[in-house]
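Next comes run.cif, a file with mmCIF, C-alpha atoms.
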data_work
loop_
_atom_site.label_atom_id
_atom_site.label_comp_id
_atom_site.auth_asym_id
_atom_site.auth_seq_id
_atom_site.Cartn_x
_atom_site.Cartn_y
_atom_site.Cartn_z
CA MET A 23 -38.12 29.60 -11.66
CA TYR A 24 -38.04 26.02 -10.38
CA LEU A 25 -35.18 25.15 -12.77
CA SER A 26 -33.13 28.13 -11.62
CA ARG A 27 -33.75 27.23 -7.95
CA PHE A 28 -32.73 23.63 -8.63
CA LEU A 29 -29.53 24.75 -10.37
CA SER A 30 -28.69 27.05 -7.47
CA ILE A 31 -29.17 24.24 -4.94
CA HIS A 32 -27.12 21.88 -7.10
CA ALA A 33 -24.28 24.40 -7.37
CA LEU A 34 -24.34 24.90 -3.60
CA TRP A 35 -24.21 21.12 -3.03
CA VAL A 36 -21.26 20.72 -5.39
CA THR A 37 -19.42 23.50 -3.58
CA VAL A 38 -20.13 22.06 -0.13
CA SER A 39 -19.15 18.54 -1.28
CA SER A 40 -15.84 19.76 -2.66
CA VAL A 41 -15.06 21.46 0.65
CA MET A 42 -16.06 18.43 2.71
CA GLN A 43 -14.05 16.03 0.53
CA PRO A 44 -10.85 17.81 -0.51
CA TYR A 45 -9.37 14.50 -1.69
CA PRO A 46 -10.97 11.74 -3.78
CA LEU A 47 -12.11 8.83 -1.61
CA VAL A 48 -10.71 6.35 -4.12
CA TRP A 49 -7.77 7.73 -6.04
CA GLY A 50 -6.64 4.45 -7.54
CA HIS A 51 -7.55 3.09 -10.97
CA TYR A 52 -6.09 0.08 -12.76
CA ASP A 53 -8.71 -2.34 -11.46
CA VAL A 54 -8.65 -4.74 -14.44
CA CYS A 55 -5.65 -6.90 -15.43
CA LYS A 56 -6.90 -8.09 -18.81
CA THR A 57 -9.86 -7.87 -21.12
CA GLN A 58 -10.85 -9.65 -24.32
CA ILE A 59 -10.78 -7.68 -27.54
CA TYR A 60 -11.69 -8.63 -31.10
CA THR A 61 -9.08 -8.71 -33.87
CA GLU A 62 -8.90 -10.18 -37.35
CA GLU A 63 -7.76 -13.41 -35.69
CA GLY A 64 -10.77 -13.43 -33.36
CA LYS A 65 -10.90 -12.82 -29.62
CA VAL A 66 -7.53 -12.22 -27.91
CA TRP A 67 -6.50 -11.00 -24.45
CA ASP A 68 -5.44 -7.39 -24.03
CA TYR A 69 -3.31 -6.99 -20.88
CA MET A 70 -2.95 -3.87 -18.74
CA ALA A 71 -1.40 -2.75 -15.45
CA CYS A 72 -3.58 -3.50 -12.41
CA GLN A 73 -3.56 -3.16 -8.62
CA PRO A 74 -5.77 -4.07 -5.63
CA GLU A 75 -8.13 -1.58 -4.05
CA SER A 76 -7.00 0.57 -1.15
CA THR A 77 -8.42 -0.68 2.16
CA ASP A 78 -8.05 -0.55 5.96
CA MET A 79 -4.82 -2.49 6.50
CA THR A 80 -5.19 -2.71 10.29
CA LYS A 81 -7.48 -5.71 9.72
CA TYR A 82 -4.47 -7.76 8.62
CA LEU A 83 -1.63 -6.71 10.92
CA LYS A 84 0.05 -8.30 13.91
CA VAL A 85 0.99 -6.04 16.82
CA LYS A 86 3.99 -6.48 19.12
CA LEU A 87 4.88 -4.41 22.17
CA ASP A 88 8.37 -3.98 23.59
CA PRO A 89 8.83 -4.40 26.49
CA PRO A 90 6.18 -7.13 26.32
CA ASP A 91 4.94 -6.49 29.86
CA ILE A 92 4.44 -2.74 29.40
CA THR A 93 0.62 -2.91 29.23
CA CYS A 94 -1.03 -1.78 32.46
CA GLY A 95 -3.03 -4.10 34.73
CA ASP A 96 -0.64 -6.90 35.68
CA PRO A 97 -0.39 -6.26 38.56
CA PRO A 98 -3.41 -3.92 38.88
CA GLU A 99 -2.56 -0.27 39.37
CA THR A 100 -4.28 3.09 39.72
CA PHE A 101 -3.74 6.03 37.38
CA CYS A 102 -4.85 9.62 37.14
CA ALA A 103 -7.81 10.75 35.04
CA MET A 104 -6.92 12.24 31.66
CA GLY A 105 -9.08 15.33 32.17
CA ASN A 106 -7.88 15.90 35.73
CA PRO A 107 -4.28 14.73 36.29
CA TYR A 108 -4.67 15.03 40.06
CA MET A 109 -7.70 12.72 40.32
CA CYS A 110 -5.83 9.45 40.65
CA ASN A 111 -8.42 6.82 41.55
CA ASN A 112 -8.87 5.11 38.14
CA GLU A 113 -7.88 1.46 37.97
CA CYS A 114 -6.32 -0.77 35.32
CA ASP A 115 -6.72 -4.49 35.96
CA ALA A 116 -5.85 -7.04 33.25
CA SER A 117 -7.94 -9.75 34.97
CA THR A 118 -11.17 -7.73 34.75
CA PRO A 119 -12.46 -7.13 31.18
CA GLU A 120 -14.12 -3.82 32.08
CA LEU A 121 -10.84 -2.51 33.53
CA ALA A 122 -8.37 -4.07 31.07
CA HIS A 123 -6.63 -2.14 28.27
CA PRO A 124 -4.96 -4.75 25.97
CA PRO A 125 -3.20 -3.83 22.66
CA GLU A 126 -6.05 -5.07 20.42
CA LEU A 127 -8.18 -2.14 21.62
CA MET A 128 -6.03 0.11 19.40
CA PHE A 129 -7.67 -1.50 16.36
CA ASP A 130 -11.26 -2.22 17.39
CA PHE A 131 -14.37 -0.39 16.18
CA GLU A 132 -14.39 3.23 17.28
CA GLY A 133 -17.47 5.15 18.32
CA ARG A 134 -18.27 3.24 21.50
CA HIS A 135 -18.92 5.05 24.75
CA PRO A 136 -16.93 4.93 26.87
CA SER A 137 -14.09 4.67 24.37
CA THR A 138 -11.77 1.66 24.34
CA PHE A 139 -7.99 2.02 24.34
CA TRP A 140 -4.66 0.38 25.02
CA GLN A 141 -2.78 1.80 28.00
CA SER A 142 0.77 1.41 29.27
CA ALA A 143 1.92 1.10 32.85
CA THR A 144 2.48 4.44 34.60
CA TRP A 145 5.86 6.13 35.02
CA LYS A 146 6.35 4.73 38.50
CA GLU A 147 10.03 3.94 37.85
CA TYR A 148 10.96 7.55 37.08
CA PRO A 149 13.67 8.77 36.41
CA LYS A 150 14.18 5.62 34.34
CA PRO A 151 12.70 6.48 30.89
CA LEU A 152 9.19 5.27 30.13
CA GLN A 153 9.62 4.03 26.56
CA VAL A 154 7.49 1.70 24.43
CA ASN A 155 7.90 0.29 20.91
CA ILE A 156 4.66 -0.65 19.14
CA THR A 157 5.43 -2.70 16.00
CA LEU A 158 2.80 -3.28 13.31
CA SER A 159 3.69 -6.13 10.94
CA TRP A 160 1.95 -7.40 7.80
CA SER A 161 4.44 -10.07 6.63
CA LYS A 162 3.74 -8.53 3.23
CA THR A 163 4.83 -5.48 1.30
CA ILE A 164 2.09 -2.83 1.28
CA GLU A 165 1.75 0.57 -0.36
CA LEU A 166 0.34 3.40 1.77
CA THR A 167 -2.47 5.40 0.16
CA ASP A 168 -3.74 7.63 2.98
CA ASN A 169 -2.53 9.38 6.11
CA ILE A 170 -1.41 7.29 9.08
CA VAL A 171 -3.53 8.52 12.00
CA ILE A 172 -2.82 7.73 15.66
CA THR A 173 -5.42 8.81 18.24
CA PHE A 174 -4.20 9.08 21.82
CA GLU A 175 -6.56 8.74 24.74
CA SER A 176 -3.91 10.34 26.94
CA GLY A 177 -2.01 13.48 26.03
CA ARG A 178 0.11 13.15 22.92
CA PRO A 179 3.69 12.17 23.78
CA ASP A 180 6.37 14.81 24.25
CA GLN A 181 8.73 12.72 22.09
CA MET A 182 7.91 10.07 19.50
CA ILE A 183 9.39 8.57 16.33
CA LEU A 184 7.46 6.84 13.55
CA GLU A 185 9.67 4.31 11.76
CA LYS A 186 9.27 2.01 8.75
CA SER A 187 10.85 -1.21 7.54
CA LEU A 188 11.05 -2.57 4.01
CA ASP A 189 12.60 -5.90 4.98
CA TYR A 190 10.16 -7.37 7.52
CA GLY A 191 11.68 -5.66 10.55
CA ARG A 192 15.33 -6.53 9.97
CA THR A 193 16.29 -2.88 9.47
CA TRP A 194 14.45 0.35 10.27
CA GLN A 195 14.43 3.89 8.91
CA PRO A 196 12.77 6.95 10.48
CA TYR A 197 9.59 8.21 8.80
CA GLN A 198 9.03 11.27 10.99
CA TYR A 199 10.05 12.71 14.36
CA TYR A 200 7.54 14.31 16.77
CA ALA A 201 8.47 16.47 19.76
CA THR A 202 7.44 19.46 21.85
CA ASP A 203 10.99 20.73 21.24
CA CYS A 204 12.64 19.21 18.15
CA LEU A 205 15.98 20.93 18.69
CA ASP A 206 16.27 19.69 22.28
CA ALA A 207 14.94 16.16 21.65
CA PHE A 208 16.46 15.27 18.26
CA HIS A 209 18.83 18.15 17.35
CA MET A 210 16.61 19.00 14.39
CA ASP A 211 14.95 22.24 13.37
CA PRO A 212 11.16 21.96 13.49
CA LYS A 213 9.32 21.70 10.17
CA SER A 214 5.93 20.71 8.82
CA VAL A 215 4.97 18.99 5.59
CA LYS A 216 3.94 22.40 4.23
CA ASP A 217 7.63 23.38 4.32
CA LEU A 218 8.49 20.61 1.83
CA SER A 219 8.32 20.60 -1.98
CA GLN A 220 8.53 18.18 -4.89
CA HIS A 221 12.31 18.22 -4.55
CA THR A 222 12.37 17.69 -0.76
CA VAL A 223 9.32 15.45 -0.33
CA LEU A 224 11.51 12.54 0.85
CA GLU A 225 13.14 14.60 3.59
CA ILE A 226 12.73 13.19 7.10
CA ILE A 227 11.47 16.01 9.32
CA CYS A 228 10.79 16.68 12.99
CA THR A 229 7.47 18.37 13.67
CA GLU A 230 6.20 20.12 16.78
CA GLU A 231 2.72 20.39 15.28
CA TYR A 232 1.31 17.33 17.07
CA SER A 233 3.11 17.33 20.42
CA THR A 234 1.26 19.20 23.14
CA GLY A 235 0.27 18.21 26.67
CA TYR A 236 -3.11 17.69 28.30
CA MET A 237 -5.41 19.39 25.80
CA THR A 238 -8.83 17.82 25.30
CA ASN A 239 -8.88 18.50 21.56
CA SER A 240 -5.26 17.51 20.93
CA LYS A 241 -5.26 13.74 20.72
CA ILE A 242 -4.41 13.00 17.08
CA ILE A 243 -1.04 12.57 15.36
CA HIS A 244 -0.76 12.35 11.56
CA PHE A 245 1.83 11.12 9.13
CA GLU A 246 0.73 13.02 6.05
CA ILE A 247 0.67 10.76 2.96
CA LYS A 248 -1.84 12.73 0.89
CA ASP A 249 -0.14 16.07 1.48
CA ARG A 250 2.99 14.52 -0.02
CA PHE A 251 0.97 13.14 -2.96
CA ALA A 252 -0.36 16.67 -3.50
CA PHE A 253 3.09 17.97 -4.44
CA PHE A 254 2.68 16.01 -7.68
CA ALA A 255 -1.09 15.64 -8.13
CA GLY A 256 -2.13 19.15 -7.03
CA PRO A 257 -3.89 20.30 -3.84
CA TRP A 258 -7.08 18.37 -4.64
CA LEU A 259 -5.27 15.31 -6.08
CA ARG A 260 -6.92 15.95 -9.45
CA ASN A 261 -3.80 15.38 -11.55
CA MET A 262 -3.23 11.74 -10.69
CA ALA A 263 -1.48 11.16 -14.02
CA SER A 264 1.38 13.34 -12.78
CA LEU A 265 1.65 11.39 -9.51
CA TYR A 266 1.50 8.03 -11.31
CA GLY A 267 4.20 9.20 -13.68
CA GLN A 268 6.47 10.14 -10.77
CA LEU A 269 5.82 6.85 -8.94
CA ASP A 270 6.55 4.99 -12.17
CA THR A 271 9.89 6.64 -12.88
CA THR A 272 11.27 7.42 -9.40
CA LYS A 273 11.99 4.28 -7.39
CA LYS A 274 12.94 6.21 -4.24
CA LEU A 275 9.56 7.96 -4.26
CA ARG A 276 7.71 4.67 -4.75
CA ASP A 277 9.72 3.03 -1.98
CA PHE A 278 9.02 5.95 0.37
CA PHE A 279 5.33 5.00 0.46
CA THR A 280 6.05 1.26 0.68
CA VAL A 281 6.44 -0.69 3.95
CA THR A 282 6.37 -4.17 5.40
CA ASP A 283 6.26 -2.95 9.01
CA LEU A 284 5.67 0.26 10.95
CA ARG A 285 7.05 1.02 14.40
CA ILE A 286 5.77 3.67 16.81
CA ARG A 287 8.48 4.56 19.30
CA LEU A 288 7.04 6.33 22.33
CA LEU A 289 10.02 7.97 24.04
CA ARG A 290 8.56 10.39 26.58
CA PRO A 291 4.95 10.72 27.77
CA ALA A 292 3.02 13.98 27.85
CA VAL A 293 4.40 15.92 30.78
CA GLY A 294 2.82 19.29 30.12
CA GLU A 295 5.42 21.14 32.16
CA ILE A 296 9.15 21.56 32.17
CA PHE A 297 9.60 19.32 35.21
CA VAL A 298 8.12 15.93 36.03
CA ASP A 299 5.87 15.96 39.12
CA GLU A 300 7.51 13.18 41.12
CA LEU A 301 4.69 13.21 43.69
CA HIS A 302 2.09 12.23 41.07
CA LEU A 303 3.85 9.78 38.72
CA ALA A 304 0.55 7.94 38.12
CA ARG A 305 -0.47 10.81 35.80
CA TYR A 306 2.23 9.89 33.25
CA PHE A 307 1.54 7.03 30.84
CA TYR A 308 0.63 6.32 27.19
CA ALA A 309 -2.87 5.44 25.99
CA ILE A 310 -3.91 4.93 22.34
CA SER A 311 -7.54 4.46 21.30
CA ASP A 312 -7.13 4.08 17.53
CA ILE A 313 -4.57 3.58 14.76
CA LYS A 314 -5.55 3.97 11.10
CA VAL A 315 -3.39 2.67 8.24
CA HIS A 316 -4.86 2.64 4.72
CA GLY A 317 -3.06 1.03 1.81
CA ARG A 318 -3.00 -1.85 -0.61
CA CYS A 319 -0.97 -4.99 -1.15
CA LYS A 320 2.02 -4.32 -3.34
CA CYS A 321 1.60 -6.62 -6.35
CA ASN A 322 3.87 -4.74 -8.78
CA LEU A 323 0.83 -3.85 -10.95
CA HIS A 324 0.28 -7.54 -11.75
CA ALA A 325 -2.87 -8.28 -9.66
CA THR A 326 -6.17 -6.79 -8.56
CA VAL A 327 -6.85 -9.29 -5.76
CA CYS A 328 -4.96 -9.79 -2.50
CA VAL A 329 -6.25 -12.69 -0.41
CA TYR A 330 -5.92 -13.09 3.36
CA ASP A 331 -5.59 -16.77 4.19
CA ASN A 332 -3.98 -18.48 7.19
CA SER A 333 -3.15 -15.04 8.63
CA LYS A 334 -1.18 -14.16 5.52
CA LEU A 335 -1.69 -11.70 2.65
CA THR A 336 -0.83 -12.89 -0.87
CA CYS A 337 -1.37 -11.37 -4.31
CA GLU A 338 -3.37 -13.43 -6.81
CA CYS A 339 -0.95 -12.82 -9.65
CA GLU A 340 -1.84 -12.30 -13.31
CA HIS A 341 0.34 -11.68 -16.37
CA ASN A 342 2.13 -15.05 -15.93
CA THR A 343 3.81 -13.78 -12.74
CA THR A 344 4.11 -15.43 -9.34
CA GLY A 345 5.36 -14.83 -5.80
CA PRO A 346 3.89 -12.98 -2.77
CA ASP A 347 4.32 -9.65 -4.58
CA CYS A 348 4.11 -11.06 -8.16
CA GLY A 349 7.81 -10.36 -8.23
CA LYS A 350 8.99 -13.00 -10.71
CA CYS A 351 7.88 -14.84 -13.84
CA LYS A 352 6.22 -18.25 -13.62
CA LYS A 353 8.11 -21.35 -14.67
CA ASN A 354 8.28 -21.64 -18.45
CA TYR A 355 7.39 -17.93 -18.80
CA GLN A 356 10.86 -16.45 -18.57
CA GLY A 357 11.24 -15.51 -22.21
CA ARG A 358 12.32 -12.04 -21.09
CA PRO A 359 13.36 -10.60 -17.71
CA TRP A 360 10.58 -9.96 -15.19
CA SER A 361 9.49 -6.34 -14.90
CA PRO A 362 6.85 -4.60 -12.79
CA GLY A 363 3.84 -3.23 -14.58
CA SER A 364 3.84 0.44 -15.48
CA TYR A 365 1.23 3.13 -14.78
CA LEU A 366 2.13 4.64 -18.15
CA PRO A 367 0.65 5.38 -20.56
CA ILE A 368 -2.44 6.66 -18.74
CA PRO A 369 -5.09 5.29 -18.29
CA LYS A 370 -4.36 1.57 -18.87
CA GLY A 371 -0.62 1.46 -18.28
CA THR A 372 1.61 -1.35 -19.51
CA ALA A 373 1.30 -4.91 -18.21
CA ASN A 374 4.86 -6.07 -19.01
CA THR A 375 3.53 -9.62 -19.17
CA CYS A 376 5.93 -12.53 -18.78
CA ILE A 377 6.21 -14.46 -22.04
CA PRO A 378 6.97 -18.16 -22.68
CA SER A 379 10.58 -19.23 -22.30
CA ILE A 380 12.44 -20.15 -25.45
CA SER A 381 13.88 -23.13 -23.55
CA SER A 382 10.37 -24.34 -22.71
CA ILE A 383 9.62 -24.86 -26.40
CA GLY A 384 13.10 -26.04 -27.45
CA THR A 385 13.95 -23.32 -29.91
CA ASN A 386 12.51 -20.28 -31.64
CA VAL A 387 9.21 -20.99 -33.34
CA CYS A 388 10.07 -18.45 -36.01
CA ASP A 389 12.89 -16.02 -36.72
CA ASN A 390 12.29 -14.67 -40.25
CA GLU A 391 15.62 -16.21 -41.32
CA LEU A 392 15.55 -20.01 -41.12
CA LEU A 393 12.12 -20.59 -39.62
CA HIS A 394 9.75 -18.55 -41.74
CA CYS A 395 6.04 -18.13 -41.07
CA GLN A 396 4.25 -19.39 -44.20
CA ASN A 397 1.32 -18.24 -46.27
CA GLY A 398 1.72 -14.57 -45.38
CA GLY A 399 2.07 -15.09 -41.61
CA THR A 400 4.30 -12.78 -39.55
CA CYS A 401 6.68 -13.74 -36.73
CA HIS A 402 5.84 -12.24 -33.30
CA ASN A 403 8.61 -12.15 -30.64
CA ASN A 404 10.03 -15.41 -32.04
CA VAL A 405 7.38 -17.35 -30.13
CA ARG A 406 4.38 -17.48 -32.48
CA CYS A 407 3.28 -16.85 -36.04
CA LEU A 408 0.40 -14.43 -36.58
CA CYS A 409 -1.49 -16.16 -39.38
CA PRO A 410 -3.88 -14.80 -42.03
CA ALA A 411 -7.53 -15.59 -41.39
CA ALA A 412 -7.58 -18.65 -43.67
CA TYR A 413 -4.54 -20.36 -42.13
CA THR A 414 -3.51 -21.89 -38.82
CA GLY A 415 -0.74 -24.11 -37.40
CA ILE A 416 2.64 -23.38 -35.84
CA LEU A 417 3.98 -21.85 -39.06
CA CYS A 418 0.59 -21.02 -40.63
CA GLU A 419 1.06 -24.17 -42.70
CA LYS A 420 -2.53 -25.47 -42.39
CA LEU A 421 -5.80 -24.33 -43.85
CA ARG A 422 -8.40 -23.67 -41.16
CA CYS A 423 -10.96 -25.54 -43.25
CA GLU A 424 -8.78 -28.68 -43.06
CA GLU A 425 -9.13 -28.74 -39.26
CA ALA A 426 -12.88 -28.31 -39.62
CA GLY A 427 -13.04 -30.96 -42.36
CA SER A 428 -14.84 -28.53 -44.68
CA CYS A 429 -12.28 -28.10 -47.45
CA GLY A 430 -13.61 -29.11 -50.85
CA SER A 431 -13.51 -28.28 -54.50
CA ASP A 432 -16.20 -25.66 -54.02
CA SER A 433 -14.85 -24.19 -50.82
CA GLY A 434 -12.75 -21.61 -52.62
CA GLN A 435 -9.63 -22.78 -50.77
CA GLY A 436 -7.23 -25.02 -52.58
CA ALA A 437 -4.31 -26.81 -51.07
CA PRO A 438 -1.75 -24.27 -49.84
CA PRO A 439 1.86 -24.34 -50.87
CA ARG A 440 3.76 -26.41 -48.35
CA GLY A 441 7.18 -25.94 -46.86
CA SER A 442 9.97 -28.40 -47.32
CA PRO A 443 9.21 -31.77 -45.65
CA ALA A 444 12.83 -31.94 -44.54
CA LEU A 445 12.27 -28.80 -42.46
CA LEU A 446 8.69 -29.28 -41.31
CA LEU A 447 8.83 -32.87 -40.06
CA PRO A 448 11.61 -32.40 -37.49
CA LEU A 449 10.15 -29.02 -36.50
CA ALA A 450 6.74 -30.55 -35.90
CA ALA A 451 8.32 -33.29 -33.78
CA LEU A 452 10.22 -30.66 -31.81
CA LEU A 453 7.16 -28.51 -31.13
CA GLY A 454 4.53 -31.20 -30.89
CA THR A 455 4.39 -31.02 -27.09
CA ALA A 456 4.73 -27.30 -26.76
CA GLY A 457 0.95 -26.66 -26.62
CA PRO A 458 -0.65 -23.33 -27.41
CA LEU A 459 1.64 -20.33 -27.11
CA GLY A 460 0.18 -17.26 -25.36
CA ILE A 461 1.81 -13.96 -24.58
#
Transcribe the structure of this file into structure tokens.
Amino acid sequence: MYLSRFLSIHALWVTVSSVMQPYPLVWGHYDVCKTQIYTEEGKVWDYMACQPESTDMTKYLKVKLDPPDITCGDPPETFCAMGNPYMCNNECDASTPELAHPPELMFDFEGRHPSTFWQSATWKEYPKPLQVNITLSWSKTIELTDNIVITFESGRPDQMILEKSLDYGRTWQPYQYYATDCLDAFHMDPKSVKDLSQHTVLEIICTEEYSTGYMTNSKIIHFEIKDRFAFFAGPWLRNMASLYGQLDTTKKLRDFFTVTDLRIRLLRPAVGEIFVDELHLARYFYAISDIKVHGRCKCNLHATVCVYDNSKLTCECEHNTTGPDCGKCKKNYQGRPWSPGSYLPIPKGTANTCIPSISSIGTNVCDNELLHCQNGGTCHNNVRCLCPAAYTGILCEKLRCEEAGSCGSDSGQGAPPRGSPALLLPLAALLGTAGPLGI
């Protein structure tokens, strides 16, 4: 009886948990770049694709407002209460901490009471448009892994555009349009992410879903990352192999979720009616209490660590790669063109490690034509000989016991056949400074 009751409770808990967490909290894998494995030659490195963990990226951004003096409080001004737009005795004063609403309050810890928020100046210059650009910059390429969530303390704007940049703010592309009337504001038919599919997932849409006036429970705007992932990974994101495969083979899809900067363009505040009430312009403004951006440093599947030092994010590159995004091969490791790592095959992927340059060692170590590996060794990528267990050296020309000084008449290992001195002496001189050759 107790067992059956326990199983019933367990089944109920599993069901409730699956409802409460429709998506995995951590959907990324690939958290190891290399591991040691044992072969006939001994321990060697096995390389695999790898990436940093997903995290809260607002900890690392810089925020810029345009116009720069758009924040309320300088000079001090009164504004209307959010819950009652005709109670206009609230004050914003930049010189008083308790009454100030600077931009950093969009990214501080939420849950305080009263809540903290950034606030713009009011629409006192109507009919001149009240427009604000909020630019979030990382000075680093990042990959988005969760929904972008913007929480407004005021009503959500009547018109807004979320934009992205892939070149550090030099050029911008729209991510999504938001409006109470998409056709009137942007000449676009209204859509939601649910109207998209695998084939149209990159379509830029205008949504009316998040643009309403003074409603107490209508403060949040989403840009739906996970709903777009679900077109490939299924509604519960269980088939991540399918999503990884698509990201691996479709550059446009991968780039869609990649940014260096985001820009929130606030074009028209929440009016709530057809006409602006010109007698109470202090009721119109923007106020944002929280912005959430989750993602990871883009390291091209060549790093698991991204360090934040001197206000800058940088990948700690593996696989003989280098650069802020591990986007090129290290010096002397350009034996083949650089390539990003690959998610495939699941689950370890492919590291696409940079290999030593031929020029860094002077010539091919082996080529199976003129420079043969000796004593049963095999040539690997022209850069090293894979030697039988009893032999070592550049061309497998030495007995291991010779290096250890243990060769003798009773060792079972006689002197090996040697290559031609005319070939080996100049080759040894050529490669004497090359050092150990890893791949």
Do you have, as a Markdown table, the list of residues of segment 302-406 of chain A lying at most 7 Å from segment 253-270 of chain A, each with its nearest atom pair and that distance in Å to one decimal, counting only C-alpha atoms and ordered by chain then number?
| residue | atom | partner | partner_atom | distance |
| --- | --- | --- | --- | --- |
| A:Ser364 | CA | A:Asp270 | CA | 6.2 |
| A:Tyr365 | CA | A:Tyr266 | CA | 6.0 |
| A:Leu366 | CA | A:Gly267 | CA | 6.7 |
| A:Ile368 | CA | A:Ala263 | CA | 6.6 |
Residue among A:Glu246, A:Lys56, A:Ile313, A:Thr61 lying closest to Pro410 of chain A, counting only C-alpha atoms: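 The shortest atom-to-atom distance to Pro410 of chain A comes from A:Thr61.
Proximity of A:Leu303, A:Val281, A:Ala373, A:Ala201 to Glu185 of chain A, computed with only C-alpha atoms, is greatest for A:Val281.
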Distance query Ser233 of chain A at most 9 Å, only C-alpha atoms, self and fewer than 2 positions along chain excluded, as a list in words: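 Surrounding residues, per the criterion: Gly177, Arg178, Pro179, Asp180, Gln181, Met182, Tyr200, Ala201, Thr202, Asp203, Thr229, Glu230, Glu231, Gly235, Ser240, Ile243 and Ala292 of chain A.
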Please report, as CSV, each residue of segment 267-358 of chain A lying at most 12 Å from segment 88-96 of chain A, together with the nearest pair of atoms and the separation in Å rounded to one decimal; use only C-alpha atoms, and order rows by chain and ascending residue number.
residue,atom,partner,partner_atom,distance
A:Arg285,CA,A:Asp88,CA,10.5
A:Ile286,CA,A:Asp88,CA,10.5
A:Arg287,CA,A:Asp88,CA,9.6
A:Leu288,CA,A:Asp88,CA,10.5
A:Ala304,CA,A:Cys94,CA,11.4
A:Phe307,CA,A:Cys94,CA,9.3
A:Tyr308,CA,A:Thr93,CA,9.5
A:Ala309,CA,A:Thr93,CA,9.6
A:Ile310,CA,A:Thr93,CA,11.4
Distance of atom CA of Cys409 of chain A from atom CA of Cys423 of chain A, expressed in Å to one decimal place: 13.9 Å
Output of the PyMOL selection byres ((chain A and resi 99) around 7), listed as a list in words: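 Taken over the shown coordinates, the PyMOL selection byres ((chain A and resi 99) around 7) returns Gly95, Pro97, Pro98, Thr100, Phe101, Glu113, Cys114 and Asp115 of chain A.
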Just-selected residues, C-alpha atoms written as an mmCIF file, in the frame of the given file:
data_model
loop_
_atom_site.group_PDB
_atom_site.id
_atom_site.type_symbol
_atom_site.label_atom_id
_atom_site.label_comp_id
_atom_site.auth_asym_id
_atom_site.auth_seq_id
_atom_site.Cartn_x
_atom_site.Cartn_y
_atom_site.Cartn_z
ATOM 1 C CA GLY A 95 -3.030 -4.100 34.730
ATOM 2 C CA PRO A 97 -0.390 -6.260 38.560
ATOM 3 C CA PRO A 98 -3.410 -3.920 38.880
ATOM 4 C CA THR A 100 -4.280 3.090 39.720
ATOM 5 C CA PHE A 101 -3.740 6.030 37.380
ATOM 6 C CA GLU A 113 -7.880 1.460 37.970
ATOM 7 C CA CYS A 114 -6.320 -0.770 35.320
ATOM 8 C CA ASP A 115 -6.720 -4.490 35.960
#
For atom CA of Ser219 of chain A and atom CA of Lys274 of chain A, the interatomic separation in Å (one decimal):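 Value for the atom CA of Ser219 of chain A-atom CA of Lys274 of chain A distance: 15.3 Å.
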Given the PyMOL selection byres ((chain A and resi 326-334) around 6), the residues it picks as number ranges by chain: A: 53, 72-74, 325, 335-338
Top pick for closest residue to Lys216 of chain A, considering A:Leu301, A:Ala252, A:Val293, A:Ile164 and counting all atoms listed in the file: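 Closest to Lys216 of chain A, using all atoms listed in the file: A:Ala252.
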For Thr163 of chain A: contacts at 9 Å, all atoms listed in the file, fewer than 3 positions along chain excluded, given as a count of residues only: 14
Output check: residues returned by the PyMOL selection byres ((chain A and resi 68) around 10), as a PyMOL selection string: chain A and resi 55-60+65-67+69-70+373+461
Residue contacts of Arg192 of chain A (12 Å, all atoms listed in the file) excluding same-chain residues fewer than 5 positions away, as a ChimeraX atom specification: /A:159,161,186-187,282-284
